[in-house]
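Structure file work_7.csv with CSV, C-alpha atoms:
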```csv
chain,number,residue,atom,x,y,z
T,1,MET,CA,-21.1,-20.7,10.3
T,2,ASN,CA,-18.2,-20.6,12.7
T,3,VAL,CA,-15.8,-17.9,11.7
T,4,VAL,CA,-12.7,-20.1,12.0
T,5,VAL,CA,-14.3,-22.7,9.7
T,6,LEU,CA,-15.2,-19.9,7.3
T,7,TYR,CA,-11.6,-18.8,7.3
T,8,LEU,CA,-10.3,-22.3,6.8
T,9,LEU,CA,-12.6,-23.0,3.9
T,10,LEU,CA,-11.8,-19.7,2.2
T,11,VAL,CA,-8.0,-20.1,2.7
T,12,LYS,CA,-8.2,-23.6,1.3
T,13,ALA,CA,-9.8,-22.1,-1.8
T,14,THR,CA,-7.3,-19.2,-2.1
T,15,LEU,CA,-4.3,-21.5,-1.4
T,16,THR,CA,-5.2,-23.9,-4.2
T,17,SER,CA,-5.8,-21.2,-6.9
T,18,PHE,CA,-3.4,-19.0,-8.8
T,19,SER,CA,-5.4,-16.0,-9.7
T,20,GLY,CA,-8.2,-13.9,-8.2
T,21,LEU,CA,-11.3,-15.6,-9.5
T,22,ALA,CA,-9.8,-19.1,-9.9
T,23,SER,CA,-10.9,-20.0,-6.4
T,24,LEU,CA,-14.6,-19.5,-7.5
T,25,PRO,CA,-15.4,-23.2,-8.4
T,26,MET,CA,-14.1,-24.5,-5.0
T,27,VAL,CA,-15.9,-21.7,-3.1
T,28,ARG,CA,-19.1,-22.5,-4.9
T,29,ASN,CA,-18.7,-26.2,-4.2
T,30,ASP,CA,-18.1,-25.6,-0.4
T,31,PHE,CA,-20.6,-22.8,0.3
T,32,VAL,CA,-23.4,-23.3,-2.2
T,33,LEU,CA,-23.5,-26.9,-3.1
T,34,HIS,CA,-22.1,-28.7,0.0
T,35,ARG,CA,-22.9,-26.5,3.0
T,36,HIS,CA,-25.8,-24.4,1.6
T,37,VAL,CA,-24.8,-21.3,3.4
T,38,LEU,CA,-25.0,-19.2,0.3
T,39,THR,CA,-27.1,-19.1,-2.9
T,40,ASP,CA,-25.8,-18.7,-6.4
T,41,ARG,CA,-27.4,-15.3,-6.4
T,42,GLN,CA,-25.4,-14.2,-3.3
T,43,LEU,CA,-22.2,-15.6,-4.9
T,44,ASN,CA,-22.9,-13.5,-8.0
T,45,THR,CA,-23.4,-10.5,-5.7
T,46,ALA,CA,-20.1,-11.1,-4.1
T,47,VAL,CA,-18.3,-11.4,-7.4
T,48,ALA,CA,-20.1,-8.3,-8.8
T,49,ALA,CA,-19.3,-6.2,-5.7
T,50,GLY,CA,-15.7,-7.3,-6.0
T,51,ARG,CA,-15.6,-6.1,-9.6
T,52,ILE,CA,-17.3,-2.8,-9.0
T,53,GLY,CA,-14.8,-1.6,-6.4
T,54,PRO,CA,-11.1,-1.0,-6.6
T,55,GLY,CA,-8.6,-3.7,-5.7
T,56,PRO,CA,-7.8,-7.3,-6.9
T,57,LEU,CA,-10.5,-9.5,-8.3
T,58,GLY,CA,-9.9,-12.0,-5.5
T,59,ILE,CA,-11.4,-9.4,-3.1
T,60,TYR,CA,-14.7,-11.1,-3.7
T,61,VAL,CA,-13.9,-13.5,-0.8
T,62,VAL,CA,-14.3,-10.5,1.6
T,63,SER,CA,-17.7,-9.8,0.2
T,64,LEU,CA,-18.5,-13.5,0.4
T,65,GLY,CA,-17.4,-13.7,4.0
T,66,TYR,CA,-19.6,-10.7,4.8
T,67,LEU,CA,-22.6,-12.4,3.2
T,68,VAL,CA,-22.0,-15.5,5.3
T,69,ASP,CA,-21.3,-14.0,8.7
T,70,GLY,CA,-21.4,-10.2,8.6
T,71,VAL,CA,-18.3,-8.2,9.6
T,72,PRO,CA,-16.5,-11.1,11.4
T,73,GLY,CA,-17.0,-13.1,8.1
T,74,ALA,CA,-15.6,-10.2,6.1
T,75,PHE,CA,-12.6,-10.2,8.4
T,76,ALA,CA,-12.2,-13.9,7.9
T,77,GLY,CA,-12.5,-13.4,4.1
T,78,TRP,CA,-9.9,-10.6,4.1
T,79,LEU,CA,-7.5,-12.8,6.2
T,80,ALA,CA,-8.0,-15.7,3.8
T,81,MET,CA,-7.3,-13.4,0.8
T,82,ILE,CA,-4.0,-12.0,2.2
T,83,THR,CA,-2.6,-15.2,3.9
T,84,PRO,CA,-1.2,-16.8,0.7
T,85,ALA,CA,0.6,-13.6,-0.4
T,86,PHE,CA,3.2,-14.0,2.3
T,87,LEU,CA,4.4,-17.4,0.9
T,88,ILE,CA,6.4,-15.3,-1.6
T,89,ILE,CA,8.8,-14.1,1.0
T,90,PRO,CA,10.6,-17.5,1.6
T,91,MET,CA,10.7,-17.9,-2.2
T,92,LEU,CA,12.4,-14.5,-2.4
T,93,ARG,CA,14.9,-15.3,0.3
T,94,PHE,CA,15.8,-18.5,-1.5
T,95,LEU,CA,16.2,-16.7,-4.9
T,96,GLY,CA,17.7,-13.5,-3.5
T,97,ALA,CA,21.1,-15.2,-2.9
T,98,ARG,CA,21.1,-16.3,-6.5
T,99,ALA,CA,19.7,-13.2,-8.2
T,100,GLU,CA,23.1,-11.7,-9.2
T,101,HIS,CA,24.0,-14.7,-11.3
T,102,ARG,CA,24.3,-13.8,-15.0
T,103,ARG,CA,21.7,-16.4,-16.1
T,104,ALA,CA,19.4,-15.6,-13.2
T,105,ARG,CA,19.4,-12.0,-14.2
T,106,ALA,CA,18.7,-12.9,-17.8
T,107,VAL,CA,15.8,-15.1,-16.7
T,108,ALA,CA,14.4,-12.3,-14.5
T,109,ARG,CA,14.6,-9.7,-17.3
T,110,ALA,CA,12.9,-12.1,-19.7
T,111,VAL,CA,10.1,-12.6,-17.2
T,112,LEU,CA,9.9,-8.8,-16.9
T,113,PHE,CA,9.5,-8.4,-20.7
T,114,ALA,CA,7.0,-11.2,-20.8
T,115,GLY,CA,5.1,-9.3,-18.1
T,116,ALA,CA,4.8,-6.3,-20.4
T,117,GLY,CA,3.3,-8.5,-23.1
T,118,LEU,CA,1.0,-10.2,-20.6
T,119,MET,CA,-0.2,-6.8,-19.4
T,120,ILE,CA,-1.2,-5.8,-22.9
T,121,SER,CA,-2.9,-9.1,-23.5
T,122,ALA,CA,-4.8,-8.7,-20.2
T,123,ALA,CA,-5.8,-5.2,-21.3
T,124,ILE,CA,-7.6,-6.5,-24.4
T,125,PRO,CA,-10.7,-8.1,-22.7
T,126,LEU,CA,-10.8,-5.3,-20.2
T,127,ALA,CA,-10.8,-2.8,-23.1
T,128,ARG,CA,-13.8,-4.6,-24.7
T,129,ASP,CA,-15.7,-3.9,-21.5
T,130,ALA,CA,-14.4,-0.5,-20.9
T,131,ILE,CA,-14.2,1.2,-24.3
T,132,THR,CA,-17.8,1.4,-25.4
T,133,ASN,CA,-18.2,4.9,-26.7
T,134,PRO,CA,-16.1,7.9,-27.9
T,135,LEU,CA,-15.9,9.3,-24.3
T,136,SER,CA,-14.4,6.1,-22.9
T,137,LEU,CA,-12.1,5.9,-25.9
T,138,GLY,CA,-10.9,9.5,-25.2
T,139,ILE,CA,-10.3,8.6,-21.5
T,140,PHE,CA,-8.4,5.5,-22.5
T,141,ALA,CA,-6.2,7.5,-25.0
T,142,CYS,CA,-5.5,10.4,-22.6
T,143,SER,CA,-4.6,7.9,-19.8
T,144,PHE,CA,-2.3,5.9,-22.1
T,145,LEU,CA,-0.5,9.1,-23.2
T,146,LEU,CA,-0.1,10.5,-19.7
T,147,ILE,CA,1.1,7.2,-18.2
T,148,ALA,CA,3.5,6.4,-21.1
T,149,SER,CA,5.0,9.8,-21.0
T,150,ALA,CA,5.9,9.1,-17.3
T,151,ARG,CA,5.4,12.8,-16.4
T,152,VAL,CA,2.0,12.7,-14.6
T,153,ASP,CA,1.3,11.0,-11.3
T,154,SER,CA,-1.2,8.1,-11.8
T,155,LEU,CA,-3.4,9.5,-9.0
T,156,TRP,CA,-4.1,12.5,-11.1
T,157,VAL,CA,-4.9,10.3,-14.1
T,158,MET,CA,-7.4,8.3,-12.0
T,159,LEU,CA,-8.9,11.4,-10.4
T,160,GLY,CA,-9.2,13.1,-13.8
T,161,ALA,CA,-11.0,10.1,-15.2
T,162,ALA,CA,-13.4,10.1,-12.2
T,163,LEU,CA,-14.1,13.8,-12.8
T,164,VAL,CA,-14.8,13.1,-16.4
T,165,GLY,CA,-17.2,10.4,-15.3
T,166,VAL,CA,-19.0,12.8,-13.1
T,167,ILE,CA,-19.2,15.5,-15.8
T,168,ALA,CA,-20.4,12.9,-18.4
T,169,PHE,CA,-23.2,11.9,-16.0
T,170,GLN,CA,-24.4,15.5,-15.8
T,171,PHE,CA,-24.9,15.6,-19.6
J,172,MET,CA,18.0,2.7,-5.7
J,173,ALA,CA,16.5,5.1,-3.1
J,174,ARG,CA,15.5,3.5,0.3
J,175,PRO,CA,12.0,4.9,1.0
J,176,GLN,CA,10.3,5.7,4.3
J,177,LEU,CA,7.6,3.3,5.6
J,178,THR,CA,5.1,6.1,5.6
J,179,ASP,CA,5.8,6.9,1.9
J,180,VAL,CA,5.5,3.3,0.8
J,181,THR,CA,2.3,2.7,2.8
J,182,ARG,CA,0.9,5.9,1.4
J,183,LEU,CA,1.6,4.8,-2.2
J,184,PHE,CA,0.0,1.4,-1.7
J,185,PHE,CA,-3.0,2.8,0.1
J,186,ARG,CA,-3.5,5.3,-2.7
J,187,VAL,CA,-3.2,2.6,-5.4
J,188,GLY,CA,-5.5,0.4,-3.4
J,189,VAL,CA,-8.4,2.9,-3.4
J,190,THR,CA,-7.9,4.4,-6.9
J,191,VAL,CA,-7.0,1.5,-9.3
J,192,PHE,CA,-9.9,-0.4,-10.8
J,193,GLY,CA,-9.8,-3.4,-13.1
J,194,GLY,CA,-8.0,-6.0,-10.9
J,195,GLY,CA,-4.4,-7.0,-10.4
J,196,ASP,CA,-2.9,-6.2,-13.8
J,197,PRO,CA,-3.7,-2.5,-13.8
J,198,THR,CA,-2.5,-2.4,-10.1
J,199,ILE,CA,0.9,-3.9,-11.0
J,200,ALA,CA,1.1,-1.6,-14.0
J,201,ILE,CA,0.6,1.5,-11.9
J,202,LEU,CA,3.0,0.2,-9.2
J,203,GLN,CA,5.7,-0.5,-11.8
J,204,ARG,CA,5.4,3.0,-13.1
J,205,GLU,CA,5.4,4.6,-9.6
J,206,PHE,CA,8.5,2.5,-8.6
J,207,TYR,CA,10.2,3.7,-11.8
J,208,ARG,CA,9.4,7.3,-11.2
J,209,ARG,CA,10.6,7.1,-7.6
J,210,ASN,CA,13.6,4.9,-8.3
J,211,TRP,CA,12.6,2.5,-5.5
J,212,LEU,CA,12.9,-0.9,-7.2
J,213,SER,CA,15.3,-2.1,-9.8
J,214,PRO,CA,13.9,-3.7,-13.0
J,215,GLU,CA,15.6,-6.9,-11.9
J,216,LYS,CA,13.9,-7.0,-8.5
J,217,PHE,CA,10.6,-6.0,-10.1
J,218,ALA,CA,11.0,-8.9,-12.5
J,219,ILE,CA,11.7,-11.4,-9.8
J,220,ALA,CA,8.7,-10.2,-7.7
J,221,PHE,CA,6.5,-10.2,-10.8
J,222,GLY,CA,7.5,-13.7,-11.9
J,223,LEU,CA,7.4,-15.3,-8.4
J,224,ALA,CA,4.0,-13.7,-7.7
J,225,ARG,CA,2.6,-15.7,-10.7
J,226,LEU,CA,3.9,-18.8,-9.0
J,227,THR,CA,2.5,-18.0,-5.6
J,228,PRO,CA,-1.0,-19.4,-4.7
J,229,GLY,CA,-3.8,-16.9,-4.1
J,230,THR,CA,-4.2,-13.5,-5.5
J,231,ASN,CA,-1.1,-12.7,-7.6
J,232,VAL,CA,-1.1,-9.0,-7.1
J,233,LEU,CA,-1.0,-9.3,-3.3
J,234,ALA,CA,2.0,-11.7,-3.6
J,235,PHE,CA,3.6,-9.1,-5.8
J,236,CYS,CA,2.9,-6.3,-3.3
J,237,ALA,CA,4.3,-8.5,-0.4
J,238,ALA,CA,7.4,-9.1,-2.5
J,239,ALA,CA,7.8,-5.4,-3.4
J,240,GLY,CA,7.3,-4.4,0.3
J,241,TRP,CA,9.8,-7.0,1.4
J,242,TYR,CA,12.4,-5.7,-1.1
J,243,LEU,CA,11.8,-2.1,0.0
J,244,LEU,CA,11.6,-2.5,3.8
J,245,GLY,CA,11.8,-6.2,4.8
J,246,PHE,CA,9.0,-8.1,6.5
J,247,GLY,CA,7.5,-5.0,8.1
J,248,GLY,CA,7.3,-3.4,4.7
J,249,ALA,CA,5.6,-6.5,3.2
J,250,LEU,CA,3.0,-6.5,6.0
J,251,ALA,CA,2.4,-2.8,5.8
J,252,VAL,CA,1.9,-2.7,2.0
J,253,VAL,CA,-0.4,-5.7,2.0
J,254,LEU,CA,-2.5,-4.1,4.7
J,255,ALA,CA,-2.5,-0.7,3.0
J,256,ILE,CA,-3.6,-2.0,-0.3
J,257,THR,CA,-6.3,-4.4,0.9
J,258,ILE,CA,-8.0,-2.8,4.0
J,259,PRO,CA,-9.5,0.3,2.2
J,260,ALA,CA,-10.6,-1.8,-0.8
J,261,SER,CA,-12.1,-4.4,1.6
J,262,VAL,CA,-14.0,-1.8,3.5
J,263,LEU,CA,-15.4,-0.5,0.2
J,264,VAL,CA,-16.3,-4.0,-1.0
J,265,VAL,CA,-18.2,-4.7,2.2
J,266,TRP,CA,-20.1,-1.4,1.8
J,267,LEU,CA,-20.8,-2.2,-1.9
J,268,THR,CA,-22.0,-5.7,-0.9
J,269,SER,CA,-24.5,-4.3,1.6
J,270,ALA,CA,-25.6,-1.6,-0.9
J,271,TYR,CA,-25.3,-3.7,-4.0
J,272,ASP,CA,-29.0,-3.4,-5.1
J,273,LEU,CA,-28.7,0.3,-4.7
J,274,THR,CA,-25.4,0.8,-6.5
J,275,ALA,CA,-26.4,-1.5,-9.4
J,276,HIS,CA,-29.0,1.2,-10.2
J,277,TYR,CA,-27.0,4.2,-9.2
J,278,ARG,CA,-26.0,5.8,-12.6
J,279,LEU,CA,-23.5,8.3,-11.3
J,280,ALA,CA,-21.5,5.5,-9.6
J,281,GLN,CA,-21.7,3.5,-12.9
J,282,SER,CA,-20.5,6.5,-14.9
J,283,ILE,CA,-17.5,7.0,-12.6
J,284,ALA,CA,-16.7,3.3,-12.6
J,285,ASN,CA,-16.8,3.2,-16.4
J,286,ALA,CA,-14.5,6.2,-16.7
J,287,LEU,CA,-12.0,4.6,-14.1
J,288,LEU,CA,-12.0,1.3,-16.0
J,289,ALA,CA,-11.2,3.1,-19.3
J,290,ALA,CA,-8.4,4.9,-17.5
J,291,ALA,CA,-7.2,1.6,-16.0
J,292,VAL,CA,-6.9,0.1,-19.5
J,293,GLY,CA,-5.0,3.1,-20.8
J,294,THR,CA,-2.7,2.9,-17.8
J,295,MET,CA,-2.0,-0.8,-18.3
J,296,ILE,CA,-0.9,-0.4,-21.9
J,297,GLY,CA,1.0,2.8,-21.2
J,298,ALA,CA,2.9,1.2,-18.3
J,299,ALA,CA,3.7,-1.9,-20.3
J,300,LEU,CA,5.2,0.2,-23.1
J,301,LEU,CA,7.1,2.3,-20.6
J,302,LEU,CA,8.5,-0.9,-19.1
J,303,VAL,CA,9.9,-2.0,-22.4
J,304,ARG,CA,11.0,1.4,-23.5
J,305,THR,CA,13.1,2.0,-20.4
J,306,GLN,CA,14.9,-1.3,-21.1
J,307,CYS,CA,15.5,-0.3,-24.7
J,308,LYS,CA,17.4,2.9,-23.8
J,309,THR,CA,20.7,1.2,-23.7
J,310,GLY,CA,20.3,0.4,-27.4
J,311,ARG,CA,19.5,-3.3,-26.8
J,312,TRP,CA,16.0,-3.3,-28.0
J,313,LEU,CA,15.7,-6.7,-29.8
J,314,LYS,CA,15.4,-8.9,-26.7
J,315,PRO,CA,12.8,-6.8,-24.8
J,316,LEU,CA,10.8,-6.4,-27.9
J,317,ALA,CA,11.0,-10.0,-29.0
J,318,ILE,CA,10.1,-11.4,-25.6
J,319,SER,CA,7.3,-8.9,-25.0
J,320,LEU,CA,5.7,-9.5,-28.4
J,321,GLY,CA,6.2,-13.3,-28.1
J,322,ALA,CA,4.5,-13.3,-24.7
J,323,PHE,CA,1.6,-11.2,-26.1
J,324,LEU,CA,1.1,-13.6,-29.0
J,325,LEU,CA,1.4,-16.7,-26.8
J,326,ALA,CA,-1.3,-15.3,-24.5
J,327,ILE,CA,-3.6,-14.0,-27.2
J,328,ILE,CA,-3.2,-16.5,-30.1
J,329,ALA,CA,-1.9,-19.7,-28.4
J,330,ASN,CA,-4.2,-19.1,-25.4
J,331,LEU,CA,-1.4,-20.0,-22.9
J,332,THR,CA,-2.0,-19.1,-19.3
J,333,PRO,CA,0.1,-16.3,-17.7
J,334,LEU,CA,2.0,-19.0,-15.8
J,335,GLN,CA,2.8,-20.9,-19.0
J,336,VAL,CA,3.9,-17.7,-20.7
J,337,ILE,CA,6.2,-16.8,-17.8
J,338,GLY,CA,7.6,-20.3,-17.9
J,339,VAL,CA,8.4,-20.0,-21.7
J,340,ALA,CA,9.9,-16.6,-21.1
J,341,ALA,CA,12.1,-17.9,-18.3
J,342,ILE,CA,13.4,-20.7,-20.6
J,343,VAL,CA,14.1,-18.2,-23.4
J,344,GLY,CA,15.9,-15.9,-20.9
J,345,PHE,CA,18.0,-18.8,-19.7
J,346,PHE,CA,19.2,-19.7,-23.2
J,347,TRP,CA,19.5,-16.0,-24.3
J,348,PRO,CA,21.8,-14.7,-21.6
J,349,GLU,CA,22.8,-11.0,-21.1
J,350,SER,CA,25.6,-9.8,-23.3
```

Step by step, read the file and then write its structure as structure tokens.
Amino acid sequence: MNVVVLYLLLVKATLTSFSGLASLPMVRNDFVLHRHVLTDRQLNTAVAAGRIGPGPLGIYVVSLGYLVDGVPGAFAGWLAMITPAFLIIPMLRFLGARAEHRRARAVARAVLFAGAGLMISAAIPLARDAITNPLSLGIFACSFLLIASARVDSLWVMLGAALVGVIAFQF
Amino acid sequence: MARPQLTDVTRLFFRVGVTVFGGGDPTIAILQREFYRRNWLSPEKFAIAFGLARLTPGTNVLAFCAAAGWYLLGFGGALAVVLAITIPASVLVVWLTSAYDLTAHYRLAQSIANALLAAAVGTMIGAALLLVRTQCKTGRWLKPLAISLGAFLLAIIANLTPLQVIGVAAIVGFFWPES
């Protein structure tokens, strides 16, 4: 598949979705059902590879691009993933001039507080997957306390968790 | 607010890009906490970036990063942070794709990934509480608590999408102005 067409198909999918994996139905329709350049198994591999590694869930489009056309395809997937992000800048420029208004500040703060509630609600399904034994419960509790205390750099929390994962594997 | 150097901002996003597992929400939680620690982004600007990122097509967390980078250092900052947070993770995901059958059976990698995911969940909840707690310091705790709890309940019990919850919060904020 031509790499430009690949980019255009992927950017169409990312531009018409509002979260990482929401583009999946359109991607499946274009690549699996309509053009037959991928199988469902390959699509699953792309999603799984995206979930195993760090980064946003939407990164699966990079994996998908790689499966379709190797490294140039991965580049097209990466470009399609980041392109919509820059649409936020004109929105910020428009809003920036109005951000100091009393009601605009109140709306912004309300959105911020809602964000905290949404973060906790999003953590629940993740917690069901992640906290499966006393060790993972311990890692969860320590990470929570260290981050909530705001005294420890998050890098050390993540590196510490990775180290515990290595030690746990040894036993 | 402190104006950071491009290298410091890029380094932070690069680091978060390679160490935070679990998707966009843990990433935003970590970034919120790091901005707070460094005094880089005011809660108001964070809120605008967070809210608009939900309205931007594509991967929300990348729109959030572009907004944060733009606030910190203009368009160059937005471009630098989006590249810094996506390139290393993309290289890793390509490697994982090519080695998927191997890694699926590689128990050490699974053990590390499981530990990182548990830490990401703890980080998300810790950062969310930190976010509300910092806003309650002034003694005005009712509004932060009520809206956070309301958003949580709307998402969990009423099954509203994040976009709908943000919309409800914006309406509440509009009719519940700052004192």

Which distance in Å separates CA of Ala322 in chain J and CA of Ala299 in chain J, to one decimal? 12.2 Å

With distances taken over all atoms listed in the file, which residue among J:Ala270, J:Ile256, J:Thr332, J:Ala218 lies nearest chain T? J:Ala218

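For the residues J:Lys216, J:Arg278, J:Arg304, J:Arg209, ranking by smallest atom-to-atom distance to Leu183 in chain J using all atoms listed in the file places J:Arg209 first.
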
Nearby residues (all atoms listed in the file) at most 8 Å from range 125-128 of chain T, same-chain spacing under 5 positions excluded, as a ChimeraX atom specification: /J:193,288-289,292

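Interatomic distance, CA of Ile131 in chain T against CA of Phe113 in chain T: 25.8 Å.
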
Residue neighbourhood range 26-32 of chain T, 12 Å, only C-alpha atoms, exclusion window fewer than 3 positions, as a VMD selection string: chain T and resid 1 5 to 17 21 to 23 35 to 44 46 to 47 58 60 to 61 64 to 65 67 to 68 77

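For the set J:Ala284, J:Leu302, J:Ala220, J:Val252, the residue with the smallest atom-to-atom gap to Ala238 in chain J is J:Ala220, counting all atoms listed in the file.
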
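When CA of Ser121 in chain T is paired with CA of Ser319 in chain J, their separation reads 10.3 Å.
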
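Proximity ranking of J:Leu243, J:Ile337, J:Val189, J:Asn231 relative to Ile52 in chain T places J:Val189 first, based on all atoms listed in the file.
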
Between J:Ile258, J:Leu212, J:Leu250, J:Ala341, which one has atoms that come closest to chain T, using only C-alpha atoms? J:Ala341

Nearest to Leu135 in chain T, restricted to all atoms listed in the file and choosing among J:Ala286, J:Gly247, J:Pro197, J:Phe345, comes out as J:Ala286

Counting only C-alpha atoms, what is within 10 Å of Tyr66 in chain T, bar same-chain residues fewer than 2 positions away, as a PyMOL selection string? (chain T and resi 46+60-64+68-78) or (chain J and resi 264-266+268-269)

Selection file, C-alpha atoms, as a PDB file, in the coordinates of the input:
```
ATOM      1  CA  ALA T  46     -20.100 -11.100  -4.100  1.00  0.00           C
ATOM      2  CA  TYR T  60     -14.700 -11.100  -3.700  1.00  0.00           C
ATOM      3  CA  VAL T  61     -13.900 -13.500  -0.800  1.00  0.00           C
ATOM      4  CA  VAL T  62     -14.300 -10.500   1.600  1.00  0.00           C
ATOM      5  CA  SER T  63     -17.700  -9.800   0.200  1.00  0.00           C
ATOM      6  CA  LEU T  64     -18.500 -13.500   0.400  1.00  0.00           C
ATOM      7  CA  VAL T  68     -22.000 -15.500   5.300  1.00  0.00           C
ATOM      8  CA  ASP T  69     -21.300 -14.000   8.700  1.00  0.00           C
ATOM      9  CA  GLY T  70     -21.400 -10.200   8.600  1.00  0.00           C
ATOM     10  CA  VAL T  71     -18.300  -8.200   9.600  1.00  0.00           C
ATOM     11  CA  PRO T  72     -16.500 -11.100  11.400  1.00  0.00           C
ATOM     12  CA  GLY T  73     -17.000 -13.100   8.100  1.00  0.00           C
ATOM     13  CA  ALA T  74     -15.600 -10.200   6.100  1.00  0.00           C
ATOM     14  CA  PHE T  75     -12.600 -10.200   8.400  1.00  0.00           C
ATOM     15  CA  ALA T  76     -12.200 -13.900   7.900  1.00  0.00           C
ATOM     16  CA  GLY T  77     -12.500 -13.400   4.100  1.00  0.00           C
ATOM     17  CA  TRP T  78      -9.900 -10.600   4.100  1.00  0.00           C
TER      18      TRP T  78
ATOM     19  CA  VAL J 264     -16.300  -4.000  -1.000  1.00  0.00           C
ATOM     20  CA  VAL J 265     -18.200  -4.700   2.200  1.00  0.00           C
ATOM     21  CA  TRP J 266     -20.100  -1.400   1.800  1.00  0.00           C
ATOM     22  CA  THR J 268     -22.000  -5.700  -0.900  1.00  0.00           C
ATOM     23  CA  SER J 269     -24.500  -4.300   1.600  1.00  0.00           C
TER      24      SER J 269
END
```

At a cut-off of 9 Å, using all atoms listed in the file, what residues contact Leu233 in chain J? Leave out same-chain residues fewer than 2 positions from it and give the result as a tab-separated table (two decimals) with C-alpha atoms, keeping the file's coordinate frame.
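What follows is the written file around-v2.tsv:
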```tsv
chain	number	residue	atom	x	y	z
T	56	PRO	CA	-7.80	-7.30	-6.90
T	81	MET	CA	-7.30	-13.40	0.80
T	82	ILE	CA	-4.00	-12.00	2.20
T	84	PRO	CA	-1.20	-16.80	0.70
T	85	ALA	CA	0.60	-13.60	-0.40
T	86	PHE	CA	3.20	-14.00	2.30
J	195	GLY	CA	-4.40	-7.00	-10.40
J	224	ALA	CA	4.00	-13.70	-7.70
J	229	GLY	CA	-3.80	-16.90	-4.10
J	230	THR	CA	-4.20	-13.50	-5.50
J	231	ASN	CA	-1.10	-12.70	-7.60
J	235	PHE	CA	3.60	-9.10	-5.80
J	236	CYS	CA	2.90	-6.30	-3.30
J	237	ALA	CA	4.30	-8.50	-0.40
J	238	ALA	CA	7.40	-9.10	-2.50
J	252	VAL	CA	1.90	-2.70	2.00
J	253	VAL	CA	-0.40	-5.70	2.00
J	256	ILE	CA	-3.60	-2.00	-0.30
J	257	THR	CA	-6.30	-4.40	0.90
```
